file query-v7.cif (mmCIF, C-alpha atoms)
data_entry
#
loop_
_atom_site.group_PDB
_atom_site.id
_atom_site.type_symbol
_atom_site.label_atom_id
_atom_site.label_comp_id
_atom_site.auth_asym_id
_atom_site.auth_seq_id
_atom_site.Cartn_x
_atom_site.Cartn_y
_atom_site.Cartn_z
ATOM 1 C CA MET A 1 104.752 142.097 135.224
ATOM 2 C CA ASN A 2 103.484 138.478 135.343
ATOM 3 C CA GLU A 3 106.010 137.212 137.902
ATOM 4 C CA PRO A 4 103.845 135.540 140.597
ATOM 5 C CA LEU A 5 106.272 135.936 143.500
ATOM 6 C CA TRP A 6 106.455 139.351 145.124
ATOM 7 C CA VAL A 7 110.153 138.929 145.905
ATOM 8 C CA GLU A 8 110.791 138.741 142.154
ATOM 9 C CA ARG A 9 108.106 141.172 141.011
ATOM 10 C CA TYR A 10 109.465 143.909 143.269
ATOM 11 C CA ARG A 11 113.156 143.045 143.069
ATOM 12 C CA PRO A 12 114.964 146.402 142.599
ATOM 13 C CA SER A 13 116.890 146.933 139.368
ATOM 14 C CA THR A 14 119.121 149.749 140.663
ATOM 15 C CA VAL A 15 121.631 149.945 143.493
ATOM 16 C CA ALA A 16 119.745 152.892 144.974
ATOM 17 C CA GLY A 17 116.601 150.779 145.141
ATOM 18 C CA THR A 18 118.164 148.030 147.278
ATOM 19 C CA ILE A 19 117.546 147.738 151.006
ATOM 20 C CA LEU A 20 121.018 147.807 152.523
ATOM 21 C CA THR A 21 123.260 149.864 154.751
ATOM 22 C CA ARG A 22 124.725 152.998 153.192
ATOM 23 C CA ASP A 23 128.283 151.638 153.221
ATOM 24 C CA LEU A 24 127.289 148.541 151.228
ATOM 25 C CA GLN A 25 125.352 150.627 148.723
ATOM 26 C CA ASP A 26 128.366 152.944 148.351
ATOM 27 C CA VAL A 27 130.618 149.994 147.453
ATOM 28 C CA PHE A 28 128.342 148.956 144.600
ATOM 29 C CA ARG A 29 127.594 152.533 143.583
ATOM 30 C CA LYS A 30 131.337 152.920 142.946
ATOM 31 C CA PHE A 31 131.319 149.764 140.799
ATOM 32 C CA VAL A 32 128.478 151.203 138.720
ATOM 33 C CA ASP A 33 130.163 154.607 138.387
ATOM 34 C CA ASP A 34 133.391 152.916 137.242
ATOM 35 C CA LYS A 35 131.441 150.517 135.003
ATOM 36 C CA PHE A 36 133.614 147.740 136.381
ATOM 37 C CA VAL A 37 132.938 145.052 138.975
ATOM 38 C CA PRO A 38 135.907 143.047 140.284
ATOM 39 C CA ASN A 39 135.651 139.333 140.990
ATOM 40 C CA LEU A 40 133.577 139.164 144.169
ATOM 41 C CA ILE A 41 132.538 136.822 146.969
ATOM 42 C CA LEU A 42 129.400 138.205 148.632
ATOM 43 C CA SER A 43 128.714 136.502 151.950
ATOM 44 C CA GLY A 44 125.967 136.795 154.539
ATOM 45 C CA GLY A 45 122.794 135.148 155.779
ATOM 46 C CA PRO A 46 119.843 134.216 153.559
ATOM 47 C CA GLY A 47 117.616 136.985 152.242
ATOM 48 C CA VAL A 48 119.900 139.918 153.078
ATOM 49 C CA GLY A 49 120.208 141.233 149.505
ATOM 50 C CA LYS A 50 123.446 139.726 148.158
ATOM 51 C CA THR A 51 122.050 138.507 144.851
ATOM 52 C CA THR A 52 119.718 141.470 144.493
ATOM 53 C CA ILE A 53 122.419 144.129 144.649
ATOM 54 C CA ALA A 54 124.789 142.134 142.432
ATOM 55 C CA ARG A 55 122.135 141.852 139.729
ATOM 56 C CA ALA A 56 121.103 145.496 140.183
ATOM 57 C CA ALA A 57 124.687 146.703 139.708
ATOM 58 C CA LEU A 58 125.204 144.592 136.582
ATOM 59 C CA GLU A 59 121.899 145.757 135.109
ATOM 60 C CA GLU A 60 122.749 149.405 135.832
ATOM 61 C CA ILE A 61 126.090 149.007 134.077
ATOM 62 C CA GLY A 62 124.230 147.430 131.166
ATOM 63 C CA CYS A 63 126.589 144.499 130.693
ATOM 64 C CA ASP A 64 125.817 140.931 129.694
ATOM 65 C CA TYR A 65 125.756 138.470 132.570
ATOM 66 C CA LEU A 66 124.955 134.811 133.069
ATOM 67 C CA PHE A 67 123.012 133.967 136.243
ATOM 68 C CA LEU A 68 123.500 130.437 137.552
ATOM 69 C CA ASN A 69 122.223 128.600 140.599
ATOM 70 C CA ALA A 70 125.192 126.692 141.953
ATOM 71 C CA SER A 71 123.037 123.665 142.781
ATOM 72 C CA LYS A 72 122.684 123.004 139.030
ATOM 73 C CA ILE A 73 126.337 123.508 138.091
ATOM 74 C CA GLY A 74 128.859 120.760 137.484
ATOM 75 C CA ILE A 75 132.136 120.430 135.613
ATOM 76 C CA ASP A 76 130.247 119.684 132.380
ATOM 77 C CA ASN A 77 128.547 123.097 132.668
ATOM 78 C CA LEU A 78 131.951 124.751 132.989
ATOM 79 C CA ARG A 79 133.070 123.189 129.729
ATOM 80 C CA THR A 80 129.905 124.096 127.839
ATOM 81 C CA ASP A 81 127.653 126.919 129.031
ATOM 82 C CA ILE A 82 130.152 128.902 131.099
ATOM 83 C CA GLU A 83 133.139 128.514 128.770
ATOM 84 C CA THR A 84 131.001 129.412 125.751
ATOM 85 C CA PHE A 85 129.629 132.502 127.472
ATOM 86 C CA ALA A 86 132.935 133.653 128.948
ATOM 87 C CA SER A 87 134.964 133.200 125.776
ATOM 88 C CA SER A 88 132.598 134.944 123.342
ATOM 89 C CA MET A 89 132.835 138.657 122.603
ATOM 90 C CA SER A 90 130.176 141.092 123.822
ATOM 91 C CA LEU A 91 128.991 144.369 122.320
ATOM 92 C CA PHE A 92 128.532 145.688 125.845
ATOM 93 C CA GLY A 93 132.080 145.302 127.114
ATOM 94 C CA ARG A 94 133.058 143.097 130.038
ATOM 95 C CA LYS A 95 130.733 140.196 130.883
ATOM 96 C CA TYR A 96 130.031 138.484 134.181
ATOM 97 C CA VAL A 97 129.027 135.096 135.527
ATOM 98 C CA LEU A 98 126.965 135.318 138.725
ATOM 99 C CA PHE A 99 126.942 132.145 140.838
ATOM 100 C CA ASP A 100 124.103 132.119 143.364
ATOM 101 C CA GLU A 101 124.570 129.958 146.490
ATOM 102 C CA ALA A 102 128.147 129.247 145.453
ATOM 103 C CA ASP A 103 128.933 127.529 148.753
ATOM 104 C CA LYS A 104 127.021 124.560 147.319
ATOM 105 C CA LEU A 105 129.426 124.109 144.401
ATOM 106 C CA THR A 106 131.361 120.864 144.723
ATOM 107 C CA ALA A 107 135.056 121.080 145.564
ATOM 108 C CA ALA A 108 135.928 119.641 142.147
ATOM 109 C CA THR A 109 133.841 122.274 140.351
ATOM 110 C CA GLN A 110 135.377 125.053 142.443
ATOM 111 C CA ASP A 111 138.848 123.751 141.702
ATOM 112 C CA ALA A 112 138.113 123.828 137.964
ATOM 113 C CA LEU A 113 136.617 127.313 138.270
ATOM 114 C CA ARG A 114 139.799 128.919 139.505
ATOM 115 C CA GLY A 115 141.353 128.174 136.129
ATOM 116 C CA PHE A 116 138.416 129.808 134.359
ATOM 117 C CA ILE A 117 138.768 132.943 136.491
ATOM 118 C CA GLU A 118 142.345 133.353 135.312
ATOM 119 C CA GLU A 119 141.804 132.235 131.705
ATOM 120 C CA PHE A 120 138.986 134.709 131.032
ATOM 121 C CA SER A 121 140.157 137.536 133.292
ATOM 122 C CA GLY A 122 140.428 139.916 130.334
ATOM 123 C CA THR A 123 136.825 139.588 129.189
ATOM 124 C CA CYS A 124 134.753 138.093 131.993
ATOM 125 C CA GLY A 125 134.304 138.653 135.722
ATOM 126 C CA PHE A 126 132.948 136.225 138.312
ATOM 127 C CA ILE A 127 130.659 136.965 141.254
ATOM 128 C CA PHE A 128 129.860 134.391 143.945
ATOM 129 C CA THR A 129 127.127 134.742 146.565
ATOM 130 C CA CYS A 130 127.152 132.439 149.565
ATOM 131 C CA ASN A 131 125.841 131.985 153.090
ATOM 132 C CA ARG A 132 128.948 130.161 154.301
ATOM 133 C CA PRO A 133 132.156 131.561 152.789
ATOM 134 C CA ASN A 134 134.241 128.900 154.544
ATOM 135 C CA ARG A 135 132.869 126.435 151.991
ATOM 136 C CA ILE A 136 134.505 128.347 149.151
ATOM 137 C CA ILE A 137 138.034 127.050 148.512
ATOM 138 C CA GLN A 138 140.942 129.350 149.299
ATOM 139 C CA PRO A 139 142.208 129.622 145.684
ATOM 140 C CA ILE A 140 138.893 131.276 144.730
ATOM 141 C CA HIS A 141 138.999 133.538 147.783
ATOM 142 C CA SER A 142 142.459 134.700 146.732
ATOM 143 C CA ARG A 143 141.170 135.638 143.278
ATOM 144 C CA CYS A 144 138.177 137.627 144.556
ATOM 145 C CA VAL A 145 137.309 140.623 146.719
ATOM 146 C CA GLY A 146 135.212 139.623 149.723
ATOM 147 C CA VAL A 147 132.184 141.700 150.751
ATOM 148 C CA GLU A 148 130.365 140.671 153.930
ATOM 149 C CA PHE A 149 126.715 141.664 154.330
ATOM 150 C CA ARG A 150 126.202 142.623 157.970
ATOM 151 C CA ILE A 151 122.778 144.188 158.377
ATOM 152 C CA ALA A 152 121.551 142.533 161.577
ATOM 153 C CA GLY A 153 120.607 145.108 164.179
ATOM 154 C CA SER A 154 120.510 147.951 161.649
ATOM 155 C CA PRO A 155 117.520 150.254 162.298
ATOM 156 C CA GLU A 156 118.363 151.973 159.000
ATOM 157 C CA VAL A 157 117.720 148.791 157.010
ATOM 158 C CA ALA A 158 114.672 147.785 159.079
ATOM 159 C CA GLY A 159 113.149 151.185 158.380
ATOM 160 C CA GLN A 160 113.825 150.809 154.638
ATOM 161 C CA LEU A 161 112.213 147.370 154.702
ATOM 162 C CA LEU A 162 109.069 148.705 156.381
ATOM 163 C CA LYS A 163 108.779 151.368 153.703
ATOM 164 C CA ARG A 164 109.225 148.746 150.957
ATOM 165 C CA LEU A 165 106.578 146.451 152.462
ATOM 166 C CA ILE A 166 104.115 149.336 152.512
ATOM 167 C CA GLU A 167 104.922 150.147 148.881
ATOM 168 C CA ILE A 168 104.336 146.513 147.868
ATOM 169 C CA LEU A 169 101.035 146.220 149.712
ATOM 170 C CA ASP A 170 99.806 149.539 148.335
ATOM 171 C CA ALA A 171 100.708 148.418 144.805
ATOM 172 C CA GLU A 172 98.896 145.099 145.345
ATOM 173 C CA GLY A 173 95.848 146.796 146.869
ATOM 174 C CA VAL A 174 96.158 144.874 150.142
ATOM 175 C CA GLU A 175 95.000 146.463 153.396
ATOM 176 C CA TYR A 176 97.455 146.285 156.283
ATOM 177 C CA GLU A 177 98.148 147.317 159.855
ATOM 178 C CA VAL A 178 101.539 148.982 160.278
ATOM 179 C CA PRO A 179 102.154 147.543 163.797
ATOM 180 C CA VAL A 180 101.723 144.049 162.310
ATOM 181 C CA LEU A 181 104.294 144.827 159.597
ATOM 182 C CA VAL A 182 106.718 146.027 162.261
ATOM 183 C CA GLU A 183 106.273 142.825 164.243
ATOM 184 C CA LEU A 184 106.778 140.669 161.158
ATOM 185 C CA ILE A 185 110.025 142.503 160.412
ATOM 186 C CA GLN A 186 111.187 141.903 163.983
ATOM 187 C CA ARG A 187 110.288 138.219 163.712
ATOM 188 C CA PHE A 188 112.145 137.462 160.483
ATOM 189 C CA TYR A 189 114.838 140.162 160.309
ATOM 190 C CA PRO A 190 117.357 140.285 158.674
ATOM 191 C CA ASP A 191 115.865 137.798 156.175
ATOM 192 C CA MET A 192 113.963 140.206 153.908
ATOM 193 C CA ARG A 193 113.013 137.515 151.406
ATOM 194 C CA ARG A 194 111.381 135.464 154.132
ATOM 195 C CA THR A 195 109.466 138.520 155.368
ATOM 196 C CA ILE A 196 108.062 139.331 151.923
ATOM 197 C CA ASN A 197 107.200 135.688 151.226
ATOM 198 C CA HIS A 198 105.333 135.406 154.528
ATOM 199 C CA LEU A 199 103.506 138.636 153.734
ATOM 200 C CA GLN A 200 102.381 137.316 150.344
ATOM 201 C CA LEU A 201 101.138 134.058 151.836
ATOM 202 C CA SER A 202 99.168 135.955 154.479
ATOM 203 C CA ALA A 203 97.658 138.280 151.884
ATOM 204 C CA ARG A 204 96.729 135.335 149.673
ATOM 205 C CA ARG A 205 94.880 133.637 152.508
ATOM 206 C CA THR A 206 92.973 136.506 154.077
ATOM 207 C CA GLY A 207 93.188 139.404 151.639
ATOM 208 C CA ARG A 208 94.657 141.704 154.290
ATOM 209 C CA ILE A 209 97.558 141.910 156.727
ATOM 210 C CA ASP A 210 96.341 141.984 160.300
ATOM 211 C CA SER A 211 97.024 140.088 163.516
ATOM 212 C CA GLY A 212 96.180 136.844 161.711
ATOM 213 C CA ALA A 213 99.459 137.140 159.837
ATOM 214 C CA LEU A 214 101.301 136.843 163.146
ATOM 215 C CA SER A 215 99.627 133.588 164.082
ATOM 216 C CA LEU A 216 99.815 132.079 160.608
ATOM 217 C CA SER A 217 101.168 128.568 160.907
ATOM 218 C CA SER A 218 101.860 126.990 157.546
ATOM 219 C CA SER A 219 103.775 124.028 158.895
ATOM 220 C CA THR A 220 100.673 121.925 159.639
ATOM 221 C CA ASP A 221 98.030 123.625 157.452
ATOM 222 C CA VAL A 222 98.381 121.817 154.148
ATOM 223 C CA LYS A 223 94.740 121.933 152.994
ATOM 224 C CA GLU A 224 95.365 124.961 150.780
ATOM 225 C CA LEU A 225 98.396 123.244 149.268
ATOM 226 C CA ILE A 226 96.356 120.100 148.586
ATOM 227 C CA ASP A 227 93.633 122.193 146.907
ATOM 228 C CA LEU A 228 96.261 123.802 144.674
ATOM 229 C CA MET A 229 97.596 120.361 143.778
ATOM 230 C CA ARG A 230 94.110 119.122 142.900
ATOM 231 C CA ALA A 231 93.673 122.120 140.598
ATOM 232 C CA LYS A 232 97.152 121.475 139.120
ATOM 233 C CA ASP A 233 97.841 125.130 139.854
ATOM 234 C CA TYR A 234 101.646 125.066 139.600
ATOM 235 C CA THR A 235 101.921 128.830 139.984
ATOM 236 C CA GLY A 236 99.869 128.688 143.178
ATOM 237 C CA MET A 237 101.895 125.723 144.431
ATOM 238 C CA ARG A 238 105.119 127.612 143.812
ATOM 239 C CA GLN A 239 103.746 130.649 145.644
ATOM 240 C CA TRP A 240 102.699 128.471 148.575
ATOM 241 C CA VAL A 241 106.040 126.702 148.800
ATOM 242 C CA ALA A 242 108.075 129.905 148.399
ATOM 243 C CA ALA A 243 105.936 131.875 150.844
ATOM 244 C CA GLY A 244 106.180 129.023 153.297
ATOM 245 C CA SER A 245 109.947 128.768 152.839
ATOM 246 C CA ASN A 246 110.344 129.565 156.540
ATOM 247 C CA LEU A 247 108.853 126.141 157.272
ATOM 248 C CA ASP A 248 110.907 123.325 158.613
ATOM 249 C CA GLN A 249 110.735 120.998 155.596
ATOM 250 C CA THR A 250 110.636 117.969 157.892
ATOM 251 C CA GLU A 251 107.451 119.345 159.465
ATOM 252 C CA LEU A 252 105.854 119.791 156.041
ATOM 253 C CA TYR A 253 106.569 116.202 155.026
ATOM 254 C CA ARG A 254 105.351 115.040 158.439
ATOM 255 C CA ALA A 255 102.101 117.000 158.022
ATOM 256 C CA LEU A 256 101.471 115.396 154.632
ATOM 257 C CA TYR A 257 102.224 111.997 156.182
ATOM 258 C CA ASP A 258 99.949 112.547 159.189
ATOM 259 C CA GLN A 259 97.088 113.777 156.997
ATOM 260 C CA ALA A 260 97.533 111.119 154.320
ATOM 261 C CA ARG A 261 94.162 109.426 154.928
ATOM 262 C CA GLU A 262 92.380 112.757 154.648
ATOM 263 C CA HIS A 263 93.876 113.846 151.341
ATOM 264 C CA PHE A 264 95.171 110.762 149.523
ATOM 265 C CA LYS A 265 93.560 107.625 148.070
ATOM 266 C CA LEU A 266 93.776 104.796 150.598
ATOM 267 C CA GLU A 267 95.280 102.325 148.135
ATOM 268 C CA ARG A 268 97.926 104.898 147.093
ATOM 269 C CA ILE A 269 99.148 105.745 150.599
ATOM 270 C CA PRO A 270 102.114 103.310 150.342
ATOM 271 C CA ASN A 271 103.269 105.283 147.279
ATOM 272 C CA VAL A 272 102.824 108.541 149.224
ATOM 273 C CA VAL A 273 104.954 107.245 152.083
ATOM 274 C CA LEU A 274 107.740 106.198 149.718
ATOM 275 C CA VAL A 275 107.752 109.571 147.946
ATOM 276 C CA LEU A 276 107.699 111.549 151.207
ATOM 277 C CA GLY A 277 110.479 109.415 152.673
ATOM 278 C CA LYS A 278 112.669 109.960 149.617
ATOM 279 C CA TYR A 279 112.296 113.732 149.573
ATOM 280 C CA GLN A 280 112.515 114.104 153.344
ATOM 281 C CA PHE A 281 115.886 112.346 153.171
ATOM 282 C CA GLN A 282 116.992 114.561 150.268
ATOM 283 C CA ALA A 283 115.928 117.699 152.163
ATOM 284 C CA SER A 284 118.856 117.303 154.538
ATOM 285 C CA PHE A 285 121.371 118.011 151.768
ATOM 286 C CA ALA A 286 119.332 119.553 148.927
ATOM 287 C CA ALA A 287 120.963 122.697 147.542
ATOM 288 C CA ASP A 288 117.586 124.358 147.032
ATOM 289 C CA PRO A 289 114.834 123.256 149.496
ATOM 290 C CA GLU A 290 112.107 124.941 147.420
ATOM 291 C CA ILE A 291 112.987 122.949 144.297
ATOM 292 C CA ASN A 292 113.213 119.750 146.352
ATOM 293 C CA THR A 293 109.731 120.346 147.784
ATOM 294 C CA MET A 294 108.264 121.194 144.372
ATOM 295 C CA ALA A 295 109.807 118.000 142.982
ATOM 296 C CA CYS A 296 108.138 116.032 145.782
ATOM 297 C CA LEU A 297 104.723 117.587 145.103
ATOM 298 C CA THR A 298 105.105 117.062 141.359
ATOM 299 C CA GLU A 299 105.937 113.394 141.847
ATOM 300 C CA LEU A 300 102.885 112.973 144.081
ATOM 301 C CA LEU A 301 100.751 114.434 141.290
ATOM 302 C CA MET A 302 102.313 112.084 138.763
ATOM 303 C CA GLU A 303 101.582 109.151 141.100
ATOM 304 C CA ASP A 304 97.855 110.088 141.009
ATOM 305 C CA VAL A 305 97.503 109.827 144.784
ATOM 306 C CA LEU A 306 94.985 112.605 145.501
ATOM 307 C CA LYS A 307 91.390 111.818 146.360
#

call {"tool": "encode", "arguments": {"input": "query-v7.cif", "output": "structure tokens"}}
result
Amino acid sequence: MNEPLWVERYRPSTVAGTILTRDLQDVFRKFVDDKFVPNLILSGGPGVGKTTIARAALEEIGCDYLFLNASKIGIDNLRTDIETFASSMSLFGRKYVLFDEADKLTAATQDALRGFIEEFSGTCGFIFTCNRPNRIIQPIHSRCVGVEFRIAGSPEVAGQLLKRLIEILDAEGVEYEVPVLVELIQRFYPDMRRTINHLQLSARRTGRIDSGALSLSSSTDVKELIDLMRAKDYTGMRQWVAAGSNLDQTELYRALYDQAREHFKLERIPNVVLVLGKYQFQASFAADPEINTMACLTELLMEDVLK
């Protein structure tokens, strides 16, 4: 598999392969056994497995589904992509639309969606994942079954995560110290995505997972990122940004600002400041911080600011 990010490369494709409490797995196992998933709102903190288990269940059933990031969806998408998909017939039975980060859908889009849920109820189901269910309007709540992902404090899930981290590192040929893995889990739990991303960044930098992974501070160390930008290594940049997704984005922009003279052409620093200011402002309300950061870095490259 060529997927550069470990969180995607090792994303489970079956319900049994997900890292969740037994009761949550049982809910989705029943959906798979029945070959039917009701309209759902899956809520819980970031990185706890909401999207992963939804996709795994749909793939196990073998149905067609459309995966959409809510940050890119507007009313025009409802009238084109979603309506076209939902209204067409499928050889594989019922179809589904999976909205990731649905709490970032605008109120107007959500209001229009409730009509779609009813109009296509016979042929298409809708699944919404969100961190903050209170941002989903009540008419959608009333048309869906709510499933809350509560895994904080679960030794069962933490143990599964440790086993998965070991499997990933063994598959990647990376040496590791188990006590360090345990401490990383304790630091980031229950955000499994953040744990795996941090692990990949650590492995990329040192080739092994030892105590250095615990002291890794990406928020001010931007030299590696700058080197990747100079090489126009977009895959490496994406890995760096995703693996450093635990960073406070404001700190990242501040680090680039503070180190501007070191990395950027002196005469282009005014352009750098304008770009950083724009994306730092957007970071406060961007639906997807990773995409916002990548857009910032891409614009800096297009501005030809690097020494």

call {"tool": "resolve_selection", "arguments": {"input": "query-v7.cif", "expression": "the PyMOL selection byres ((chain A and resi 161-164) around 10)", "output": "mmCIF file with C-alpha atoms, in the coordinates of the input"}}
result
data_model
loop_
_atom_site.group_PDB
_atom_site.id
_atom_site.type_symbol
_atom_site.label_atom_id
_atom_site.label_comp_id
_atom_site.auth_asym_id
_atom_site.auth_seq_id
_atom_site.Cartn_x
_atom_site.Cartn_y
_atom_site.Cartn_z
ATOM 1 C CA TYR A 10 109.465 143.909 143.269
ATOM 2 C CA GLY A 17 116.601 150.779 145.141
ATOM 3 C CA THR A 18 118.164 148.030 147.278
ATOM 4 C CA ILE A 19 117.546 147.738 151.006
ATOM 5 C CA LEU A 20 121.018 147.807 152.523
ATOM 6 C CA PRO A 155 117.520 150.254 162.298
ATOM 7 C CA GLU A 156 118.363 151.973 159.000
ATOM 8 C CA VAL A 157 117.720 148.791 157.010
ATOM 9 C CA ALA A 158 114.672 147.785 159.079
ATOM 10 C CA GLY A 159 113.149 151.185 158.380
ATOM 11 C CA GLN A 160 113.825 150.809 154.638
ATOM 12 C CA LEU A 165 106.578 146.451 152.462
ATOM 13 C CA ILE A 166 104.115 149.336 152.512
ATOM 14 C CA GLU A 167 104.922 150.147 148.881
ATOM 15 C CA ILE A 168 104.336 146.513 147.868
ATOM 16 C CA LEU A 169 101.035 146.220 149.712
ATOM 17 C CA ASP A 170 99.806 149.539 148.335
ATOM 18 C CA VAL A 178 101.539 148.982 160.278
ATOM 19 C CA LEU A 181 104.294 144.827 159.597
ATOM 20 C CA VAL A 182 106.718 146.027 162.261
ATOM 21 C CA LEU A 184 106.778 140.669 161.158
ATOM 22 C CA ILE A 185 110.025 142.503 160.412
ATOM 23 C CA TYR A 189 114.838 140.162 160.309
ATOM 24 C CA PRO A 190 117.357 140.285 158.674
ATOM 25 C CA MET A 192 113.963 140.206 153.908
ATOM 26 C CA THR A 195 109.466 138.520 155.368
ATOM 27 C CA ILE A 196 108.062 139.331 151.923
#

call {"tool": "closest_residue", "arguments": {"input": "query-v7.cif", "among": "A:Ser71, A:Thr123, A:Asn39, A:Gln280", "to": "Gly146 of chain A", "atoms": "all atoms listed in the file"}}
result
A:Asn39

call {"tool": "atom_distance", "arguments": {"input": "query-v7.cif", "atom1": "atom CA of Phe28 of chain A", "atom2": "atom CA of Arg132 of chain A"}}
result
21.2 Å

call {"tool": "residues_around", "arguments": {"input": "query-v7.cif", "residues": "segment 91-98 of chain A", "least_positions_apart": "2", "cutoff": "9 Å", "atoms": "all atoms listed in the file", "output": "list in words"}}
result
Phe36, Val37, Asn39, Thr51, Ala54, Arg55, Leu58, Gly62, Cys63, Asp64, Tyr65, Leu66, Phe67, Leu68, Asn69, Ile82, Phe85, Ala86, Met89, Asp100, Gly122, Thr123, Cys124, Gly125, Phe126, Ile127, Phe128 and Thr129 of chain A

call {"tool": "resolve_selection", "arguments": {"input": "query-v7.cif", "expression": "the PyMOL selection byres ((chain A and resi 238) around 10)", "output": "list in words"}}
result
Pro4, Leu5, Leu225, Leu228, Asp233, Tyr234, Thr235, Gly236, Met237, Gln239, Trp240, Val241, Ala242, Ala243, Gly244, Glu290, Ile291, Thr293 and Met294 of chain A
